[in-house]
file my_file-v5.txt (compact mmCIF, C-alpha atoms and all ligand atoms)
# COMPACT_ATOMS: atom_id res chain seq x y z
CA MET A 1 -37.84 -102.29 -21.82
CA LEU A 2 -40.93 -101.42 -19.77
CA GLN A 3 -41.33 -97.77 -18.81
CA LYS A 4 -43.31 -96.02 -16.09
CA PRO A 5 -46.74 -94.63 -17.08
CA ARG A 6 -46.82 -91.15 -18.63
CA GLY A 7 -47.03 -88.37 -16.05
CA THR A 8 -45.55 -90.46 -13.21
CA ARG A 9 -42.01 -90.31 -11.82
CA ASP A 10 -39.43 -92.52 -10.12
CA PHE A 11 -37.47 -91.04 -7.23
CA LEU A 12 -33.91 -92.17 -6.50
CA PRO A 13 -32.54 -92.05 -2.92
CA ASP A 14 -30.96 -88.54 -3.22
CA GLU A 15 -34.25 -87.12 -4.43
CA MET A 16 -36.27 -88.98 -1.80
CA GLU A 17 -34.02 -87.64 0.95
CA ALA A 18 -34.49 -84.09 -0.36
CA ARG A 19 -38.27 -84.62 -0.58
CA ARG A 20 -38.49 -86.09 2.92
CA SER A 21 -36.54 -83.21 4.40
CA VAL A 22 -38.89 -80.62 2.82
CA GLU A 23 -41.91 -82.72 3.81
CA TRP A 24 -40.58 -82.75 7.36
CA SER A 25 -40.34 -78.95 7.48
CA LEU A 26 -43.99 -78.62 6.32
CA ARG A 27 -45.14 -81.25 8.81
CA GLU A 28 -43.21 -79.59 11.63
CA THR A 29 -44.79 -76.21 10.81
CA GLY A 30 -48.23 -77.84 10.91
CA ARG A 31 -47.40 -79.42 14.26
CA ARG A 32 -46.48 -76.06 15.74
CA TRP A 33 -49.91 -74.75 14.79
CA GLY A 34 -51.66 -77.78 16.29
CA TYR A 35 -52.49 -79.60 13.03
CA ARG A 36 -52.45 -83.40 13.36
CA GLU A 37 -52.02 -85.77 10.48
CA VAL A 38 -54.84 -87.84 8.98
CA CYS A 39 -54.89 -90.34 6.13
CA THR A 40 -57.71 -91.32 3.78
CA PRO A 41 -57.90 -94.04 1.07
CA ALA A 42 -56.21 -93.55 -2.31
CA PHE A 43 -59.53 -94.35 -4.00
CA GLU A 44 -63.10 -93.47 -3.06
CA ASP A 45 -66.62 -93.84 -4.43
CA LEU A 46 -66.72 -91.77 -7.61
CA GLU A 47 -69.70 -89.83 -6.30
CA LEU A 48 -67.63 -88.22 -3.55
CA PHE A 49 -65.69 -86.26 -6.15
CA THR A 50 -68.46 -85.59 -8.66
CA MET A 51 -70.78 -83.84 -6.19
CA ARG A 52 -68.96 -80.53 -5.93
CA SER A 53 -65.56 -80.70 -7.55
CA GLY A 54 -66.26 -78.81 -10.77
CA GLU A 55 -66.17 -79.83 -14.41
CA GLY A 56 -62.41 -79.42 -14.82
CA ILE A 57 -61.51 -81.98 -12.21
CA ILE A 58 -64.28 -84.41 -13.13
CA GLY A 59 -62.94 -84.58 -16.68
CA GLU A 60 -59.46 -85.40 -15.38
CA MET A 61 -60.33 -88.23 -13.03
CA TYR A 62 -59.04 -91.78 -13.13
CA VAL A 63 -62.33 -93.68 -12.90
CA PHE A 64 -62.72 -97.45 -12.77
CA GLU A 65 -65.14 -100.16 -11.82
CA ASP A 66 -64.06 -102.81 -9.30
CA LYS A 67 -64.92 -106.50 -9.54
CA GLY A 68 -68.10 -105.84 -7.55
CA GLY A 69 -69.30 -103.30 -10.12
CA ARG A 70 -68.69 -100.27 -7.85
CA LYS A 71 -67.73 -97.03 -9.56
CA LEU A 72 -64.55 -95.76 -7.95
CA ALA A 73 -62.05 -92.99 -8.60
CA LEU A 74 -58.42 -92.40 -7.65
CA ARG A 75 -58.50 -89.23 -5.53
CA PRO A 76 -57.91 -86.10 -7.63
CA GLU A 77 -57.67 -84.09 -4.39
CA ILE A 78 -58.05 -84.82 -0.70
CA THR A 79 -60.42 -82.22 0.78
CA ALA A 80 -63.63 -84.12 -0.13
CA ALA A 81 -62.19 -87.33 1.34
CA VAL A 82 -61.17 -85.60 4.58
CA ILE A 83 -64.67 -84.15 5.03
CA ARG A 84 -66.20 -87.59 4.31
CA MET A 85 -63.92 -89.04 6.98
CA TYR A 86 -64.86 -86.26 9.39
CA ILE A 87 -68.55 -87.16 9.00
CA ASN A 88 -67.90 -90.92 9.29
CA GLU A 89 -65.47 -90.82 12.19
CA ALA A 90 -65.26 -87.53 14.03
CA LYS A 91 -68.38 -85.40 13.72
CA VAL A 92 -68.93 -85.39 17.48
CA SER A 93 -65.36 -84.31 18.29
CA PRO A 94 -64.93 -80.88 19.88
CA LYS A 95 -64.48 -78.15 17.25
CA PRO A 96 -62.46 -76.89 15.64
CA LEU A 97 -60.57 -79.84 14.22
CA ARG A 98 -57.12 -79.05 12.90
CA TRP A 99 -56.01 -81.71 10.45
CA CYS A 100 -53.24 -82.02 7.90
CA TYR A 101 -52.24 -84.64 5.30
CA PHE A 102 -49.51 -85.50 2.86
CA ALA A 103 -50.55 -87.81 0.04
CA ASP A 104 -50.57 -88.43 -3.68
CA CYS A 105 -53.38 -87.34 -5.99
CA PHE A 106 -54.18 -88.40 -9.55
CA ARG A 107 -55.34 -86.21 -12.41
CA TYR A 108 -55.27 -87.11 -16.08
CA GLU A 109 -53.63 -83.87 -17.25
CA ARG A 110 -51.19 -83.17 -20.05
CA PRO A 111 -47.84 -83.76 -18.32
CA GLN A 112 -45.11 -81.11 -18.30
CA LYS A 113 -42.58 -79.74 -15.82
CA GLY A 114 -44.54 -79.17 -12.61
CA ARG A 115 -47.67 -80.91 -13.90
CA TYR A 116 -47.95 -84.64 -13.38
CA ARG A 117 -50.62 -87.31 -13.40
CA GLN A 118 -49.51 -88.51 -9.96
CA PHE A 119 -48.51 -85.64 -7.71
CA TRP A 120 -48.31 -84.99 -3.98
CA GLN A 121 -50.19 -82.47 -1.91
CA PHE A 122 -49.42 -81.27 1.60
CA GLY A 123 -52.74 -79.97 2.80
CA VAL A 124 -54.56 -78.64 5.80
CA GLU A 125 -58.25 -78.60 6.75
CA LEU A 126 -59.64 -76.55 9.63
CA ILE A 127 -63.11 -77.95 10.31
CA GLY A 128 -65.91 -76.38 12.33
CA ALA A 129 -64.73 -72.79 12.82
CA ASP A 130 -66.68 -70.12 10.97
CA THR A 131 -64.92 -66.89 11.91
CA ALA A 132 -62.61 -64.26 10.49
CA MET A 133 -59.80 -65.65 12.65
CA ALA A 134 -60.32 -69.15 11.22
CA ASP A 135 -60.00 -67.79 7.67
CA ALA A 136 -56.92 -65.86 8.76
CA GLU A 137 -55.34 -68.86 10.52
CA VAL A 138 -55.18 -71.02 7.40
CA ILE A 139 -53.65 -68.20 5.34
CA MET A 140 -51.06 -67.47 8.07
CA LEU A 141 -50.26 -71.18 8.27
CA ALA A 142 -49.94 -71.38 4.47
CA ALA A 143 -47.42 -68.54 4.53
CA ASP A 144 -45.48 -70.12 7.42
CA MET A 145 -45.40 -73.46 5.59
CA LEU A 146 -44.00 -71.98 2.40
CA ASP A 147 -41.50 -69.92 4.38
CA ALA A 148 -40.21 -72.96 6.32
CA PRO A 149 -38.32 -74.65 3.45
CA GLY A 150 -37.45 -71.25 1.91
CA VAL A 151 -39.87 -71.04 -1.05
CA ARG A 152 -40.08 -67.59 -2.65
CA TYR A 153 -43.66 -66.83 -3.61
CA ASP A 154 -46.45 -64.30 -4.08
CA LEU A 155 -49.64 -64.83 -2.12
CA LYS A 156 -52.95 -63.61 -3.55
CA VAL A 157 -55.99 -63.33 -1.32
CA GLY A 158 -59.55 -62.69 -2.46
CA HIS A 159 -63.17 -63.31 -1.59
CA LEU A 160 -65.84 -64.78 -3.85
CA ALA A 161 -68.65 -62.56 -2.48
CA LEU A 162 -67.62 -59.48 -4.43
CA MET A 163 -67.58 -61.06 -7.87
CA LYS A 164 -70.76 -62.95 -7.01
CA ASN A 165 -72.49 -59.66 -6.27
CA LEU A 166 -71.65 -58.34 -9.72
CA LEU A 167 -72.76 -61.56 -11.45
CA LEU A 168 -75.98 -61.89 -9.46
CA ASP A 169 -78.31 -61.38 -12.44
CA LEU A 170 -76.62 -63.91 -14.72
CA GLU A 171 -77.64 -67.53 -15.26
CA PRO A 172 -75.18 -70.12 -13.83
CA SER A 173 -73.94 -71.09 -17.31
CA ALA A 174 -73.42 -67.44 -18.29
CA ARG A 175 -71.60 -66.85 -14.99
CA ARG A 176 -69.23 -69.72 -15.75
CA LYS A 177 -68.50 -68.33 -19.21
CA VAL A 178 -67.75 -64.88 -17.83
CA ARG A 179 -65.51 -66.29 -15.09
CA ALA A 180 -63.55 -68.31 -17.61
CA HIS A 181 -62.77 -65.16 -19.63
CA LEU A 182 -61.80 -63.30 -16.47
CA ASP A 183 -59.60 -66.16 -15.34
CA LYS A 184 -57.66 -65.94 -18.60
CA ARG A 185 -57.68 -62.12 -18.49
CA ASP A 186 -59.28 -62.33 -21.95
CA TYR A 187 -61.08 -58.98 -21.72
CA THR A 188 -61.93 -58.79 -25.44
CA SER A 189 -63.94 -62.03 -25.33
CA LEU A 190 -65.44 -60.90 -22.02
CA LYS A 191 -66.78 -57.70 -23.62
CA GLU A 192 -68.15 -59.63 -26.61
CA THR A 193 -69.86 -62.22 -24.40
CA LEU A 194 -71.44 -59.61 -22.14
CA ALA A 195 -72.60 -57.58 -25.15
CA GLU A 196 -74.29 -60.71 -26.52
CA MET A 197 -75.95 -61.22 -23.13
CA GLY A 198 -77.24 -57.66 -23.21
CA LYS A 199 -75.02 -56.56 -20.31
CA PRO A 200 -72.26 -54.51 -21.94
CA ASP A 201 -71.86 -52.22 -18.92
CA LEU A 202 -70.85 -55.07 -16.67
CA ALA A 203 -67.52 -55.59 -18.44
CA ASP A 204 -65.91 -52.42 -17.08
CA SER A 205 -66.94 -53.16 -13.49
CA LEU A 206 -65.66 -56.73 -13.72
CA VAL A 207 -62.31 -55.73 -15.18
CA SER A 208 -61.91 -52.99 -12.54
CA LEU A 209 -62.69 -55.48 -9.78
CA VAL A 210 -60.15 -58.01 -11.06
CA GLU A 211 -57.48 -55.32 -11.39
CA CYS A 212 -58.15 -53.46 -8.14
CA ARG A 213 -55.81 -54.03 -5.19
CA THR A 214 -57.51 -52.30 -2.25
CA LEU A 215 -60.53 -53.34 -0.24
CA GLU A 216 -62.06 -49.85 -0.30
CA LYS A 217 -62.01 -49.73 -4.08
CA ALA A 218 -63.28 -53.31 -4.37
CA PHE A 219 -66.37 -52.51 -2.29
CA GLU A 220 -66.88 -49.34 -4.30
CA ILE A 221 -67.01 -51.42 -7.50
CA ALA A 222 -68.90 -54.47 -6.24
CA GLY A 223 -71.25 -52.70 -3.85
CA GLU A 224 -72.00 -53.76 -0.30
CA VAL A 225 -71.68 -57.48 0.29
CA PRO A 226 -72.71 -59.45 3.36
CA GLY A 227 -69.76 -60.21 5.59
CA ARG A 228 -67.74 -57.08 4.81
CA GLU A 229 -66.68 -56.79 8.45
CA ARG A 230 -65.43 -60.38 8.49
CA ILE A 231 -63.30 -59.78 5.39
CA GLU A 232 -61.82 -56.69 7.03
CA GLN A 233 -61.09 -58.62 10.22
CA THR A 234 -59.40 -61.46 8.34
CA LEU A 235 -57.15 -59.06 6.46
CA GLY A 236 -56.45 -57.16 9.70
CA ALA A 237 -55.22 -60.40 11.31
CA LEU A 238 -52.98 -61.13 8.30
CA ASP A 239 -51.47 -57.66 8.57
CA ALA A 240 -50.92 -58.06 12.33
CA TYR A 241 -49.16 -61.40 11.78
CA GLY A 242 -46.99 -59.89 9.06
CA VAL A 243 -48.24 -61.99 6.11
CA LYS A 244 -47.28 -60.47 2.78
CA TYR A 245 -50.09 -60.72 0.22
CA THR A 246 -51.85 -58.83 -2.52
CA LEU A 247 -55.60 -58.57 -2.82
CA ASN A 248 -57.08 -60.17 -5.91
CA PHE A 249 -60.80 -60.46 -6.40
CA GLY A 250 -60.40 -62.31 -9.68
CA ILE A 251 -59.32 -65.58 -8.02
CA ALA A 252 -61.75 -68.19 -9.31
CA ARG A 253 -60.27 -71.52 -8.06
CA GLY A 254 -60.64 -74.68 -10.12
CA LEU A 255 -62.87 -76.47 -7.60
CA ASP A 256 -66.54 -75.61 -7.10
CA TYR A 257 -66.92 -75.96 -3.34
CA TYR A 258 -65.50 -72.63 -2.16
CA THR A 259 -67.90 -70.22 -0.50
CA GLY A 260 -65.97 -67.19 0.74
CA MET A 261 -62.35 -66.31 1.26
CA VAL A 262 -59.99 -67.81 -1.37
CA PHE A 263 -56.23 -67.62 -1.83
CA GLU A 264 -53.46 -68.85 -4.12
CA GLY A 265 -49.66 -68.89 -3.96
CA PHE A 266 -47.35 -68.53 -6.96
CA ALA A 267 -43.65 -69.37 -6.97
CA ASP A 268 -41.37 -66.59 -8.25
CA ASN A 269 -39.13 -68.85 -10.28
CA LEU A 270 -41.47 -71.27 -12.05
CA GLY A 271 -42.86 -71.00 -15.57
CA ALA A 272 -46.38 -71.87 -16.67
CA GLU A 273 -47.10 -74.21 -13.75
CA ASN A 274 -46.24 -71.73 -11.02
CA GLN A 275 -49.26 -72.12 -8.77
CA ILE A 276 -47.89 -73.84 -5.71
CA LEU A 277 -50.81 -73.50 -3.36
CA GLY A 278 -54.56 -73.03 -3.43
CA GLY A 279 -57.30 -72.92 -0.84
CA GLY A 280 -60.13 -71.11 0.83
CA SER A 281 -63.25 -71.52 2.93
CA TYR A 282 -65.87 -74.00 1.81
CA ARG A 283 -68.86 -76.11 2.80
CA LEU A 284 -69.03 -79.77 1.86
CA ALA A 285 -70.13 -81.68 4.97
CA HIS A 286 -73.90 -81.22 4.38
CA LEU A 287 -73.56 -82.74 0.88
CA PHE A 288 -72.10 -85.92 2.33
CA GLY A 289 -74.80 -86.43 4.94
CA GLY A 290 -73.41 -84.37 7.82
CA ASP A 291 -74.31 -81.05 9.45
CA ASP A 292 -73.62 -77.87 7.54
CA VAL A 293 -70.14 -77.38 8.97
CA ALA A 294 -67.95 -74.52 7.80
CA SER A 295 -64.36 -75.43 6.94
CA CYS A 296 -61.35 -73.85 5.36
CA GLY A 297 -58.05 -75.22 4.15
CA PHE A 298 -55.46 -75.32 1.45
CA ALA A 299 -53.17 -77.70 -0.36
CA ILE A 300 -49.56 -77.10 -1.34
CA GLY A 301 -48.42 -78.65 -4.62
CA PHE A 302 -45.46 -80.47 -3.11
CA ASP A 303 -43.80 -81.37 -6.43
CA ARG A 304 -43.89 -77.75 -7.56
CA VAL A 305 -42.33 -76.69 -4.27
CA MET A 306 -39.51 -79.16 -4.96
CA VAL A 307 -39.00 -77.79 -8.49
CA SER A 308 -38.99 -74.24 -7.11
CA LEU A 309 -36.42 -75.05 -4.40
CA GLY A 310 -34.12 -76.61 -7.01
CA ASP A 311 -31.26 -78.92 -6.12
CA THR A 312 -31.19 -78.87 -2.35
CA LYS A 313 -28.82 -81.35 -0.76
CA PRO A 314 -30.16 -82.60 2.54
CA ARG A 315 -27.76 -83.34 5.39
CA GLN A 316 -26.39 -86.80 4.82
CA ASP A 317 -25.51 -89.36 7.46
CA SER A 318 -21.91 -90.30 8.04
CA VAL A 319 -21.41 -93.78 6.65
CA VAL A 320 -19.25 -96.35 8.39
CA ALA A 321 -18.00 -99.36 6.44
CA ILE A 322 -17.41 -102.34 8.71
CA VAL A 323 -14.45 -104.06 7.06
CA SER A 324 -13.42 -107.48 8.29
CA THR A 325 -11.53 -110.66 7.55
CA GLU A 326 -13.25 -113.99 7.96
CA ASP A 327 -11.64 -114.35 11.42
CA GLY A 328 -13.11 -111.02 12.43
CA ARG A 329 -16.65 -111.53 11.11
CA ALA A 330 -18.38 -112.46 14.37
CA ARG A 331 -16.80 -109.48 16.16
CA ALA A 332 -17.63 -107.27 13.12
CA LEU A 333 -21.31 -108.19 13.49
CA GLU A 334 -21.22 -107.13 17.17
CA VAL A 335 -19.46 -103.90 16.26
CA SER A 336 -21.93 -103.12 13.46
CA ARG A 337 -24.80 -103.60 15.93
CA ALA A 338 -23.15 -101.19 18.37
CA PHE A 339 -22.81 -98.51 15.65
CA ARG A 340 -26.41 -98.94 14.51
CA SER A 341 -27.66 -98.83 18.12
CA ALA A 342 -25.89 -95.50 18.46
CA GLY A 343 -27.86 -94.27 15.41
CA ILE A 344 -24.93 -94.46 13.01
CA ARG A 345 -25.29 -95.89 9.51
CA ALA A 346 -23.06 -98.98 9.31
CA GLU A 347 -22.67 -101.24 6.28
CA MET A 348 -20.91 -104.61 6.00
CA ASP A 349 -19.44 -106.26 2.94
CA LEU A 350 -21.86 -108.62 1.19
CA MET A 351 -19.69 -109.45 -1.82
CA ASP A 352 -17.10 -111.79 -0.22
CA ARG A 353 -14.41 -109.24 -1.00
CA GLY A 354 -10.93 -109.40 0.50
CA LEU A 355 -9.77 -106.75 2.99
CA GLY A 356 -8.07 -104.61 0.30
CA ALA A 357 -11.10 -104.68 -2.01
CA GLN A 358 -13.43 -103.89 0.92
CA LEU A 359 -11.30 -100.84 1.79
CA ALA A 360 -11.17 -99.72 -1.85
CA HIS A 361 -14.97 -99.92 -2.07
CA ALA A 362 -15.34 -98.15 1.31
CA SER A 363 -13.19 -95.24 0.12
CA LYS A 364 -15.84 -94.58 -2.59
CA SER A 365 -18.94 -95.06 -0.48
CA ALA A 366 -18.16 -94.32 3.19
CA ASP A 367 -16.62 -91.71 5.51
CA PHE A 368 -15.01 -94.16 7.93
CA ALA A 369 -13.83 -97.74 7.81
CA VAL A 370 -13.80 -99.82 10.96
CA VAL A 371 -11.33 -102.62 10.30
CA ILE A 372 -11.57 -105.88 12.27
CA GLY A 373 -9.07 -108.66 11.63
CA LYS A 374 -7.48 -111.30 13.79
CA ARG A 375 -5.27 -108.73 15.56
CA GLU A 376 -8.23 -106.53 16.54
CA VAL A 377 -10.22 -109.55 17.77
CA GLU A 378 -7.30 -110.61 20.01
CA SER A 379 -6.66 -107.14 21.41
CA GLY A 380 -10.36 -106.22 21.78
CA THR A 381 -9.88 -103.06 19.72
CA VAL A 382 -10.95 -101.78 16.29
CA THR A 383 -8.92 -99.90 13.71
CA LEU A 384 -10.78 -96.72 12.79
CA LYS A 385 -9.75 -95.18 9.50
CA ASN A 386 -11.01 -91.74 8.49
CA LEU A 387 -11.41 -92.23 4.75
CA ARG A 388 -11.40 -88.51 4.01
CA SER A 389 -8.15 -87.63 5.84
CA GLY A 390 -6.52 -91.07 5.70
CA GLU A 391 -5.83 -90.90 9.45
CA GLN A 392 -5.91 -94.27 11.20
CA LYS A 393 -6.18 -95.13 14.92
CA SER A 394 -6.42 -98.23 17.06
CA LEU A 395 -9.24 -97.63 19.56
CA ASP A 396 -11.57 -99.50 21.85
CA LEU A 397 -15.19 -99.62 20.65
CA PRO A 398 -16.62 -96.77 22.81
CA ALA A 399 -13.80 -94.45 21.68
CA ALA A 400 -14.39 -95.36 18.02
CA LEU A 401 -18.11 -94.68 18.42
CA ALA A 402 -17.39 -91.33 20.08
CA GLU A 403 -15.01 -90.32 17.30
CA VAL A 404 -17.58 -91.06 14.54
CA GLU A 405 -20.34 -89.36 16.52
CA ALA A 406 -18.19 -86.25 16.94
CA HIS A 407 -17.72 -86.11 13.18
CA GLY A 408 -21.46 -85.45 12.69
CA ALA A 409 -23.29 -85.52 9.39
CA ARG A 410 -21.59 -85.10 6.01
P1 LIG B 501 -55.96 -77.32 -6.20
O1 LIG B 501 -55.68 -75.87 -6.48
O2 LIG B 501 -56.71 -78.08 -7.21
O3 LIG B 501 -56.69 -77.35 -4.79
O4 LIG B 501 -54.59 -78.08 -5.93
C1 LIG B 501 -53.67 -77.59 -4.97
C2 LIG B 501 -52.29 -77.53 -5.56
O5 LIG B 501 -51.91 -78.80 -6.08
C3 LIG B 501 -52.17 -76.60 -6.77
O6 LIG B 501 -52.01 -75.26 -6.37
C4 LIG B 501 -50.91 -77.14 -7.43
O7 LIG B 501 -49.75 -76.59 -6.82
C5 LIG B 501 -50.97 -78.62 -7.12
N1 LIG B 501 -51.37 -79.37 -8.33
C6 LIG B 501 -52.59 -79.46 -8.87
N2 LIG B 501 -52.57 -80.26 -9.97
C7 LIG B 501 -51.29 -80.67 -10.12
C8 LIG B 501 -50.60 -81.52 -11.06
N3 LIG B 501 -51.24 -82.11 -12.07
N4 LIG B 501 -49.27 -81.72 -10.90
C9 LIG B 501 -48.60 -81.14 -9.88
N5 LIG B 501 -49.19 -80.34 -8.96
C10 LIG B 501 -50.51 -80.11 -9.07
C11 LIG B 501 -57.09 -78.50 -4.17
O8 LIG B 501 -56.79 -79.60 -4.51
C12 LIG B 501 -57.91 -78.25 -2.91
N6 LIG B 501 -58.27 -79.56 -2.34
C13 LIG B 501 -57.16 -77.39 -1.92
C14 LIG B 501 -57.93 -77.15 -0.67
C15 LIG B 501 -57.76 -77.75 0.51
N7 LIG B 501 -58.95 -76.32 -0.53
C16 LIG B 501 -59.42 -76.38 0.70
N8 LIG B 501 -58.71 -77.27 1.35

call {"tool": "encode", "arguments": {"input": "my_file-v5.txt", "output": "structure tokens"}}
result
Amino acid sequence: MLQKPRGTRDFLPDEMEARRSVEWSLRETGRRWGYREVCTPAFEDLELFTMRSGEGIIGEMYVFEDKGGRKLALRPEITAAVIRMYINEAKVSPKPLRWCYFADCFRYERPQKGRYRQFWQFGVELIGADTAMADAEVIMLAADMLDAPGVRYDLKVGHLALMKNLLLDLEPSARRKVRAHLDKRDYTSLKETLAEMGKPDLADSLVSLVECRTLEKAFEIAGEVPGRERIEQTLGALDAYGVKYTLNFGIARGLDYYTGMVFEGFADNLGAENQILGGGSYRLAHLFGGDDVASCGFAIGFDRVMVSLGDTKPRQDSVVAIVSTEDGRARALEVSRAFRSAGIRAEMDLMDRGLGAQLAHASKSADFAVVIGKREVESGTVTLKNLRSGEQKSLDLPAALAEVEAHGAR
């Protein structure tokens, strides 16, 4: 028997309905903030993702050559593609642009619960606004989006400038090494590495910065950085809006394009793969042939949100089984059309079953049966049977429709 590729999943109807209903709540939140949906291709020129994505992601990409010899990659993330599209299609549009997207991404990672090779992101990019309020808006929106479907999470907000100030004297490769230790909170290796580099004193400052939770203290450790006022304003806006967050100046982010404010969300109830959101401010447009436009955004790991929410049953439609004899079939087709036109889910027998077998099947799969035989055709009525209560009535079509409509969703 053939199986699906490792790290991919199939979704049955119950799961798809649950996913769509959560997707809808994220989309609706985006709409209320003025974010309009965009869509980019599932694959792009490889170069788009190698320019500024960072080693981690480059090593995980699905790369292939097409029949014309072009080097392409399945998108490992969507931000670079959105900025490419902005330059191609919309660079003259009035700023800022508020865009959102929901799409699948591909990364060749070791699969486990919450980590897949095909996974979905719900993301947002705010393009062309370079202010404290722009930084604040995306964080406020991120919090609103996670709140909408009821995710429980911790939000961590930081800024790259402070760490950068401390690492100013190090070579880029040394900087990367130090950051990797800090990311893993591996302070022993950090001290060893810095001692080897002849900078043993730096270890204490770095550890204090990563562990500190107030802005005052962070500036005390890292020294004055450009843009201090902007950071204060951003955090002031978050406080005014009532966003709950903790400061964390150790946030490194896996992608290389971030320039300033960065943030990450972690679900309370997930294990190792508990990061459900990541984002920050960045500059990419100038690398792809556009102006140097400031942007900020984030992406929610949609599959992790679904794991965190657990088994949520979406509202289900009432189902009406249209049950008929051969004499009643033409009328049954008319009646089924009337139910569907009213927005009600109506299903007819396709198995050439007799009336009794149709009703038996309906009792397992539907909430109502609308029975149409010779008698109903002659009298211009339908027999409406409530399959949950067993109650049965002879009604004209508008009354039957009204009765099912009044019943509402399951
Ligand atoms: P990222 O942190 O690489 O950021 O991915 C965003 C989210 O996608 C992660 O926080 C995680 O929840 C989810 N995710 C990542 N890899 C997997 C996986 N293998 N399986 C399941 N979920 C996964 C970005 O992609 C940036 N483009 C975000 C951004 C938008 N920054 C600015 N704008």

call {"tool": "residues_around", "arguments": {"input": "my_file-v5.txt", "residues": "segment 104-107 of chain A", "least_positions_apart": "6", "cutoff": "10 Å", "atoms": "all atoms listed in the file", "output": "MDAnalysis selection string"}}
result
chainID A and resid 7:8 42:43 57:62 73:78 115:122 302

call {"tool": "closest_residue", "arguments": {"input": "my_file-v5.txt", "among": "A:Leu384, A:Leu168, A:Ile276, A:Leu395", "to": "ligand LIG 501 (chain B)", "atoms": "only C-alpha atoms and all ligand atoms"}}
result
A:Ile276

call {"tool": "residues_around", "arguments": {"input": "my_file-v5.txt", "residues": "segment 263-273 of chain A", "least_positions_apart": "5", "cutoff": "6 Å", "atoms": "all atoms listed in the file", "output": "ChimeraX atom specification"}}
result
/A:114,152-158,278-280

call {"tool": "residues_around", "arguments": {"input": "my_file-v5.txt", "residues": "segment 363-374 of chain A", "least_positions_apart": "2", "cutoff": "10 Å", "atoms": "only C-alpha atoms", "output": "PyMOL selection string"}}
result
chain A and resi 317-332+335-336+345-348+355+357-361+376-395+397+400+404+407+409-410

call {"tool": "closest_residue", "arguments": {"input": "my_file-v5.txt", "among": "A:Val38, A:Leu194, A:Ala406, A:Val138", "to": "ligand LIG 501 (chain B)", "atoms": "only C-alpha atoms and all ligand atoms"}}
result
A:Val138

call {"tool": "atom_distance", "arguments": {"input": "my_file-v5.txt", "atom1": "atom N5 of ligand LIG 501 (chain B)", "atom2": "atom CA of Arg9 of chain A"}}
result
12.6 Å

call {"tool": "residues_around", "arguments": {"input": "my_file-v5.txt", "residues": "Val92 of chain A", "least_positions_apart": "6", "cutoff": "12 Å", "atoms": "all atoms listed in the file", "output": "JSON, numbers by chain"}}
result
{"A": [86, 127, 128, 290, 291, 293]}

call {"tool": "write_last_selection", "arguments": {"input": "my_file-v5.txt", "atoms": "C-alpha atoms", "output": "PDB file, in the coordinates of the input"}}
result
ATOM      1  CA  TYR A  86     -64.860 -86.260   9.390  1.00  0.00           C
ATOM      2  CA  ILE A 127     -63.110 -77.950  10.310  1.00  0.00           C
ATOM      3  CA  GLY A 128     -65.910 -76.380  12.330  1.00  0.00           C
ATOM      4  CA  GLY A 290     -73.410 -84.370   7.820  1.00  0.00           C
ATOM      5  CA  ASP A 291     -74.310 -81.050   9.450  1.00  0.00           C
ATOM      6  CA  VAL A 293     -70.140 -77.380   8.970  1.00  0.00           C
TER       7      VAL A 293
END

call {"tool": "residues_around", "arguments": {"input": "my_file-v5.txt", "residues": "Val151 of chain A", "least_positions_apart": "3", "cutoff": "7 Å", "atoms": "only C-alpha atoms", "output": "number ranges by chain"}}
result
A: 146-147, 305, 308-309

call {"tool": "write_last_selection", "arguments": {"input": "my_file-v5.txt", "atoms": "C-alpha atoms", "output": "short mmCIF file (atom, residue, chain, number, x, y, z; two decimals), in the coordinates of the input"}}
result
data_model
loop_
_atom_site.label_atom_id
_atom_site.label_comp_id
_atom_site.auth_asym_id
_atom_site.auth_seq_id
_atom_site.Cartn_x
_atom_site.Cartn_y
_atom_site.Cartn_z
CA LEU A 146 -44.00 -71.98 2.40
CA ASP A 147 -41.50 -69.92 4.38
CA VAL A 305 -42.33 -76.69 -4.27
CA SER A 308 -38.99 -74.24 -7.11
CA LEU A 309 -36.42 -75.05 -4.40
#

call {"tool": "axis_aligned_box", "arguments": {"input": "my_file-v5.txt", "around": "segment 356-365 of chain A", "padding_each_side": "8 Å", "output": "JSON"}}
result
{"center_x": -13.5, "center_y": -99.6, "center_z": -0.4, "size_x": 26.9, "size_y": 26.1, "size_z": 20.4}

call {"tool": "closest_residue", "arguments": {"input": "my_file-v5.txt", "among": "A:Met351, A:Cys296, A:Met133, A:Ala342", "to": "ligand LIG 501 (chain B)", "atoms": "only C-alpha atoms and all ligand atoms"}}
result
A:Cys296

call {"tool": "atom_distance", "arguments": {"input": "my_file-v5.txt", "atom1": "atom CA of Lys177 of chain A", "atom2": "atom CA of Glu55 of chain A"}}
result
12.7 Å
